[in-house]
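A.B. asks: Just structure-v4.txt, nothing more (compact mmCIF, C-alpha atoms and all ligand atoms):
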# COMPACT_ATOMS: atom_id res chain seq x y z
CA MET A 1 53.96 153.93 -8.54
CA ASN A 2 50.47 152.52 -8.09
CA LYS A 3 50.03 148.83 -8.60
CA ILE A 4 47.85 147.62 -11.42
CA ILE A 5 45.28 144.84 -11.33
CA ALA A 6 43.56 143.52 -14.47
CA LEU A 7 40.53 141.26 -14.70
CA PHE A 8 39.97 139.43 -18.00
CA VAL A 9 36.47 138.00 -18.45
CA ALA A 10 34.50 136.42 -21.26
CA HIS A 11 31.22 138.37 -21.13
CA PRO A 12 29.63 141.56 -19.83
CA ASP A 13 28.57 140.85 -16.20
CA ASP A 14 31.24 138.14 -15.66
CA GLU A 15 33.27 140.84 -13.87
CA ILE A 16 30.77 140.58 -11.01
CA PHE A 17 32.46 137.43 -9.69
CA SER A 18 35.33 139.56 -8.43
CA ALA A 19 33.66 142.98 -8.29
CA GLY A 20 34.07 143.23 -4.51
CA THR A 21 37.78 142.49 -4.75
CA LEU A 22 38.23 145.00 -7.59
CA ALA A 23 36.26 147.71 -5.76
CA LYS A 24 38.42 147.08 -2.70
CA HIS A 25 41.66 147.40 -4.66
CA ALA A 26 40.43 150.51 -6.49
CA ARG A 27 39.76 152.15 -3.13
CA ASN A 28 43.17 151.13 -1.83
CA GLY A 29 45.20 152.87 -4.50
CA TYR A 30 45.34 150.26 -7.25
CA LYS A 31 44.67 151.09 -10.89
CA VAL A 32 41.98 148.62 -11.95
CA PHE A 33 41.16 147.41 -15.48
CA ILE A 34 38.31 145.17 -16.62
CA ILE A 35 38.80 143.58 -20.03
CA TRP A 36 35.80 141.96 -21.73
CA MET A 37 36.73 139.40 -24.39
CA THR A 38 33.30 139.20 -26.10
CA ASN A 39 30.29 141.46 -26.59
CA GLY A 40 27.78 139.07 -25.01
CA GLU A 41 25.29 139.76 -27.80
CA TYR A 42 23.45 136.40 -27.50
CA GLY A 43 22.64 136.71 -23.80
CA HIS A 44 18.93 137.43 -24.04
CA TYR A 45 15.68 135.70 -25.00
CA SER A 46 14.33 138.45 -27.31
CA ILE A 47 16.66 141.44 -27.78
CA PRO A 48 18.40 141.10 -31.20
CA PRO A 49 22.20 140.66 -31.04
CA GLU A 50 23.16 144.04 -32.53
CA LYS A 51 20.86 145.89 -30.12
CA LEU A 52 21.94 143.78 -27.13
CA LYS A 53 25.60 144.43 -27.92
CA GLU A 54 24.94 148.17 -27.53
CA ILE A 55 22.92 147.75 -24.35
CA ARG A 56 25.51 145.52 -22.74
CA HIS A 57 28.35 147.82 -23.71
CA LYS A 58 26.62 150.62 -21.79
CA GLU A 59 25.92 148.32 -18.86
CA CYS A 60 29.63 147.48 -18.71
CA LEU A 61 30.54 151.18 -18.62
CA GLU A 62 28.12 151.68 -15.73
CA SER A 63 29.41 148.61 -13.87
CA ALA A 64 33.06 149.68 -14.35
CA LYS A 65 32.22 153.13 -13.00
CA ILE A 66 30.63 151.66 -9.87
CA ILE A 67 33.60 149.34 -9.32
CA GLY A 68 36.14 152.10 -10.03
CA ALA A 69 37.72 150.38 -13.03
CA GLU A 70 38.78 151.36 -16.52
CA PRO A 71 36.89 149.36 -19.18
CA ILE A 72 38.55 147.70 -22.19
CA PHE A 73 36.56 145.86 -24.88
CA ILE A 74 38.29 143.30 -27.09
CA GLY A 75 35.10 142.68 -29.07
CA TYR A 76 34.95 139.00 -30.02
CA ARG A 77 31.55 137.52 -30.87
CA ASP A 78 29.65 135.94 -27.98
CA ALA A 79 29.90 132.10 -27.84
CA HIS A 80 32.52 132.19 -30.63
CA LEU A 81 35.67 132.93 -28.64
CA GLU A 82 38.45 130.69 -29.92
CA TYR A 83 41.56 129.59 -28.10
CA ASN A 84 44.22 130.22 -30.72
CA MET A 85 47.35 132.30 -31.39
CA ASN A 86 45.32 135.30 -32.61
CA SER A 87 43.29 135.60 -29.43
CA ILE A 88 46.37 134.96 -27.26
CA LEU A 89 48.30 137.72 -29.04
CA GLU A 90 45.35 140.13 -28.68
CA VAL A 91 45.59 139.64 -24.92
CA VAL A 92 49.41 139.92 -25.00
CA LYS A 93 48.98 143.36 -26.61
CA VAL A 94 46.63 144.47 -23.83
CA ILE A 95 48.97 143.14 -21.11
CA ARG A 96 51.93 144.94 -22.66
CA ARG A 97 49.91 148.15 -22.85
CA ILE A 98 48.43 148.25 -19.32
CA LYS A 99 51.28 146.35 -17.54
CA PRO A 100 49.36 144.69 -14.70
CA ASN A 101 51.08 143.37 -11.55
CA ILE A 102 48.13 141.08 -10.83
CA VAL A 103 45.90 139.34 -13.39
CA ILE A 104 42.63 137.60 -12.51
CA THR A 105 40.53 135.48 -14.85
CA HIS A 106 38.06 132.58 -15.02
CA ALA A 107 38.83 129.12 -13.67
CA LEU A 108 39.94 126.56 -16.26
CA ASP A 109 36.95 124.26 -15.68
CA GLU A 110 34.02 126.69 -15.90
CA TYR A 111 30.72 125.75 -17.54
CA HIS A 112 30.86 128.06 -20.57
CA LYS A 113 33.21 127.54 -23.50
CA ASP A 114 34.03 131.27 -23.66
CA HIS A 115 34.96 131.20 -19.96
CA ARG A 116 37.26 128.19 -20.36
CA ASN A 117 38.84 129.68 -23.48
CA THR A 118 39.35 133.04 -21.76
CA SER A 119 41.08 131.23 -18.91
CA MET A 120 43.43 129.38 -21.28
CA ILE A 121 44.06 132.44 -23.49
CA VAL A 122 44.91 134.63 -20.49
CA ARG A 123 47.09 131.99 -18.83
CA ASP A 124 49.19 131.67 -21.99
CA ALA A 125 49.22 135.40 -22.75
CA VAL A 126 50.52 136.19 -19.25
CA PHE A 127 53.54 134.03 -19.96
CA ILE A 128 54.09 135.07 -23.58
CA ALA A 129 53.79 138.82 -22.78
CA GLY A 130 57.13 138.60 -20.97
CA LEU A 131 59.12 137.04 -23.81
CA PRO A 132 61.79 139.65 -24.56
CA THR A 133 62.21 139.07 -28.29
CA LEU A 134 58.60 138.30 -29.24
CA GLU A 135 57.47 140.44 -32.18
CA VAL A 136 54.35 141.95 -30.63
CA GLU A 137 53.84 145.66 -30.14
CA GLY A 138 54.77 147.07 -26.75
CA GLU A 139 57.55 146.40 -24.25
CA PRO A 140 57.76 142.89 -22.76
CA HIS A 141 55.93 142.76 -19.44
CA VAL A 142 56.19 140.20 -16.64
CA VAL A 143 53.04 139.74 -14.54
CA ASP A 144 53.72 139.03 -10.84
CA SER A 145 50.60 137.04 -10.01
CA LEU A 146 47.83 135.22 -11.81
CA TYR A 147 44.62 134.21 -10.04
CA PHE A 148 41.71 132.11 -11.25
CA TYR A 149 38.32 132.90 -9.77
CA GLY A 150 36.77 130.28 -7.50
CA LYS A 151 37.68 127.64 -5.01
CA GLY A 152 40.57 125.35 -5.84
CA LEU A 153 41.85 122.71 -3.45
CA LYS A 154 44.24 123.71 -0.70
CA THR A 155 45.62 127.06 -1.69
CA ASP A 156 42.54 129.27 -1.90
CA ILE A 157 42.93 132.97 -1.25
CA TYR A 158 39.94 134.61 0.41
CA VAL A 159 39.44 138.34 -0.01
CA ASP A 160 37.33 139.98 2.72
CA ILE A 161 34.79 142.10 0.81
CA SER A 162 32.47 142.78 3.77
CA ASP A 163 32.79 146.55 3.26
CA TYR A 164 32.53 146.24 -0.54
CA LEU A 165 29.50 144.00 -1.12
CA GLU A 166 27.39 147.03 -2.04
CA TYR A 167 29.66 147.73 -5.04
CA LYS A 168 29.32 144.15 -6.21
CA ILE A 169 25.53 144.29 -5.98
CA LYS A 170 25.26 147.72 -7.62
CA ALA A 171 27.57 146.61 -10.44
CA MET A 172 25.33 143.56 -11.00
CA GLU A 173 22.25 145.79 -11.04
CA ALA A 174 23.93 147.91 -13.73
CA HIS A 175 23.60 144.84 -16.01
CA LYS A 176 19.83 145.25 -16.06
CA SER A 177 19.33 143.21 -19.27
CA GLN A 178 21.13 140.30 -17.61
CA VAL A 179 19.32 140.50 -14.28
CA ASP A 180 16.06 140.13 -16.27
CA TRP A 181 17.49 137.35 -18.41
CA LEU A 182 18.94 135.36 -15.52
CA ARG A 183 15.72 135.64 -13.52
CA SER A 184 13.33 134.70 -16.29
CA THR A 185 14.92 132.31 -18.71
CA ARG A 186 14.60 128.55 -18.51
CA LEU A 187 18.33 128.31 -19.14
CA HIS A 188 19.24 130.04 -15.86
CA GLY A 189 16.21 130.90 -13.72
CA PHE A 190 17.81 132.37 -10.61
CA ASP A 191 18.05 135.77 -8.96
CA PRO A 192 21.64 136.95 -9.40
CA ILE A 193 21.45 139.39 -6.48
CA GLU A 194 20.29 136.66 -4.11
CA ARG A 195 22.98 134.37 -5.55
CA ILE A 196 25.69 136.97 -4.86
CA LYS A 197 24.59 137.28 -1.22
CA THR A 198 24.45 133.51 -0.74
CA VAL A 199 27.81 132.76 -2.37
CA THR A 200 29.74 135.60 -0.71
CA SER A 201 28.17 134.70 2.69
CA TYR A 202 29.22 131.09 2.22
CA HIS A 203 32.77 132.07 1.30
CA GLY A 204 32.73 134.55 4.21
CA LEU A 205 31.74 131.74 6.57
CA LEU A 206 34.69 129.65 5.36
CA ALA A 207 37.05 132.61 5.78
CA GLY A 208 35.71 133.83 9.14
CA VAL A 209 34.40 137.15 7.80
CA LYS A 210 30.97 138.38 6.74
CA TYR A 211 31.37 138.34 2.96
CA ALA A 212 34.29 137.06 0.87
CA GLU A 213 35.38 136.25 -2.67
CA VAL A 214 37.73 133.36 -3.29
CA PHE A 215 40.54 132.82 -5.81
CA THR A 216 42.97 130.07 -6.71
CA PRO A 217 46.53 131.33 -7.28
CA SER A 218 48.38 130.03 -10.31
CA LYS A 219 50.98 127.51 -9.11
CA SER A 220 53.83 129.25 -10.86
CA LEU A 221 52.84 132.89 -10.49
CA SER A 222 51.95 134.10 -7.01
CA PHE A 223 54.43 136.73 -5.99
CA ASP A 224 51.96 139.51 -5.35
CA PHE A 225 49.04 139.12 -2.99
CA LEU A 226 45.48 140.32 -3.13
CA LEU A 227 44.51 142.69 -0.27
ZN ZN B 301 29.99 134.65 -19.06
For the file at hand, write its structure as structure tokens.
Ligand SMILES: [Zn+2]

C.D. replies:
Amino acid sequence: MNKIIALFVAHPDDEIFSAGTLAKHARNGYKVFIIWMTNGEYGHYSIPPEKLKEIRHKECLESAKIIGAEPIFIGYRDAHLEYNMNSILEVVKVIRRIKPNIVITHALDEYHKDHRNTSMIVRDAVFIAGLPTLEVEGEPHVVDSLYFYGKGLKTDIYVDISDYLEYKIKAMEAHKSQVDWLRSTRLHGFDPIERIKTVTSYHGLLAGVKYAEVFTPSKSLSFDFLL
């Protein structure tokens, strides 16, 4: 049976941080899911939230297609994602439904509240999903490995994405509203495509390959390795 890898992220376009790794796994026989926790409807300087929600939903579908992933939308409101039992159980339901071997999510110390909450929600849901007598729909499921995106201390896992950088860049370009927003706004003001090349080159340099993405394995859950 094919292995399953699931990425849980806060906003549309956050999947880009591991898009190379996901594209690589999709092309090596894994079933890949991307789960967006919120709609990202406040991520623009002028497009009204309801309209932006629609645009970003479509951009996610395009990005998932490029990466080779199946999209799932949980649908919380941007910037309002709460870390509580309701949101944890929503993620438990998804885990029990798609039964991933490997789960990837944000690091616990990221800059955005929705990112940090996603990280905590997913970390707890991964554990709770396996509780045999918990009254949540679906069969209990035990995840083999949990990874947080980004560099940790000593135990980083580098994934060589040299042959998959194009998917990462194309998936970012699919989020056209966000490329514009990131380039132009005073809040961000950088070119995300240039940033992708710089960051993956830097991580590639550290790993001895051309381009890489880096992950920190969860201390208690690392029984299945990224390719
Ligand atoms: Zn985000």

A.B. asks: Can you tell me how far CA of Tyr42 (chain A) sits from CA of Ala79 (chain A), in Å to one decimal?

C.D. replies: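 The value is 7.8 Å.
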
A.B. asks: Please check which protein, DNA or RNA residues sit within 10 Å of ligand ZN 301 (chain B), counting all atoms listed in the file, and write them as a PDB file with C-alpha atoms, in the coordinates of the input.

C.D. replies:
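To be explicit, this is the file written out as result22.pdb:
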ATOM      1  CA  VAL A   9      36.470 138.000 -18.450  1.00  0.00           C
ATOM      2  CA  ALA A  10      34.500 136.420 -21.260  1.00  0.00           C
ATOM      3  CA  HIS A  11      31.220 138.370 -21.130  1.00  0.00           C
ATOM      4  CA  PRO A  12      29.630 141.560 -19.830  1.00  0.00           C
ATOM      5  CA  ASP A  13      28.570 140.850 -16.200  1.00  0.00           C
ATOM      6  CA  ASP A  14      31.240 138.140 -15.660  1.00  0.00           C
ATOM      7  CA  GLU A  15      33.270 140.840 -13.870  1.00  0.00           C
ATOM      8  CA  TRP A  36      35.800 141.960 -21.730  1.00  0.00           C
ATOM      9  CA  MET A  37      36.730 139.400 -24.390  1.00  0.00           C
ATOM     10  CA  THR A  38      33.300 139.200 -26.100  1.00  0.00           C
ATOM     11  CA  GLY A  40      27.780 139.070 -25.010  1.00  0.00           C
ATOM     12  CA  GLY A  43      22.640 136.710 -23.800  1.00  0.00           C
ATOM     13  CA  ASP A  78      29.650 135.940 -27.980  1.00  0.00           C
ATOM     14  CA  ALA A  79      29.900 132.100 -27.840  1.00  0.00           C
ATOM     15  CA  HIS A 106      38.060 132.580 -15.020  1.00  0.00           C
ATOM     16  CA  GLU A 110      34.020 126.690 -15.900  1.00  0.00           C
ATOM     17  CA  TYR A 111      30.720 125.750 -17.540  1.00  0.00           C
ATOM     18  CA  HIS A 112      30.860 128.060 -20.570  1.00  0.00           C
ATOM     19  CA  LYS A 113      33.210 127.540 -23.500  1.00  0.00           C
ATOM     20  CA  ASP A 114      34.030 131.270 -23.660  1.00  0.00           C
ATOM     21  CA  HIS A 115      34.960 131.200 -19.960  1.00  0.00           C
ATOM     22  CA  ARG A 116      37.260 128.190 -20.360  1.00  0.00           C
ATOM     23  CA  THR A 118      39.350 133.040 -21.760  1.00  0.00           C
TER      24      THR A 118
END

A.B. asks: Using all atoms listed in the file, I'd like a table of the residues in region 32-58 of chain A that come within 10 Å of region 177-199 of chain A; for each, show the closest atom pair and its distance in Å rounded to one decimal, ordered by chain and ascending number, as JSON lines.

C.D. replies:
{"residue": "A:Gly43", "atom": "CA", "partner": "A:Gln178", "partner_atom": "CA", "distance": 7.3}
{"residue": "A:His44", "atom": "CA", "partner": "A:Trp181", "partner_atom": "CA", "distance": 5.8}
{"residue": "A:Tyr45", "atom": "CA", "partner": "A:Trp181", "partner_atom": "CA", "distance": 7.0}
{"residue": "A:Ser46", "atom": "CA", "partner": "A:Trp181", "partner_atom": "CA", "distance": 9.5}
{"residue": "A:Ile47", "atom": "CA", "partner": "A:Ser177", "partner_atom": "CA", "distance": 9.1}
{"residue": "A:Leu52", "atom": "CA", "partner": "A:Ser177", "partner_atom": "CA", "distance": 8.3}
{"residue": "A:Ile55", "atom": "CA", "partner": "A:Ser177", "partner_atom": "CA", "distance": 7.7}
{"residue": "A:Arg56", "atom": "CA", "partner": "A:Ser177", "partner_atom": "CA", "distance": 7.5}

A.B. asks: Would you compute the distance between CA of Ala23 (chain A) and CA of Ile67 (chain A)? Give it in Å to one decimal.

C.D. replies: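 CA of Ala23 (chain A) sits 4.7 Å away from CA of Ile67 (chain A).
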
A.B. asks: Give me the residues of region 51-124 of chain A that have any atom at most 12 Å from an atom of region 18-21 of chain A; for each, the nearest atom pair and the distance in Å, rounded to one decimal. Use only C-alpha atoms, sort by chain and number, and format it as a tab-separated table.

C.D. replies:
residue	atom	partner	partner_atom	distance
A:Ser63	CA	A:Ala19	CA	9.0
A:Ala64	CA	A:Ala19	CA	9.1
A:Lys65	CA	A:Ala19	CA	11.3
A:Ile66	CA	A:Ala19	CA	9.3
A:Ile67	CA	A:Ala19	CA	6.4
A:Gly68	CA	A:Ala19	CA	9.6
A:Ala69	CA	A:Ala19	CA	9.7
A:Val103	CA	A:Ser18	CA	11.7
A:Ile104	CA	A:Ser18	CA	8.6
A:Thr105	CA	A:Ser18	CA	9.2
A:His106	CA	A:Ser18	CA	10.0

A.B. asks: Separation of CA of Asp109 (chain A) and CA of Ala207 (chain A), in Å?

C.D. replies: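 Separation of CA of Asp109 (chain A) and CA of Ala207 (chain A): 23.0 Å.
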
A.B. asks: Within 7 Å of (25.4, 142.1, -9.3) (coordinates as in the file), grab all the protein and nucleic acid residues, counting all atoms listed in the file, and write them out as a list in words.

C.D. replies: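 Output: Ile16, Lys168, Ile169, Lys170, Ala171, Met172, Glu173, Pro192, Ile193 and Ile196 of chain A.
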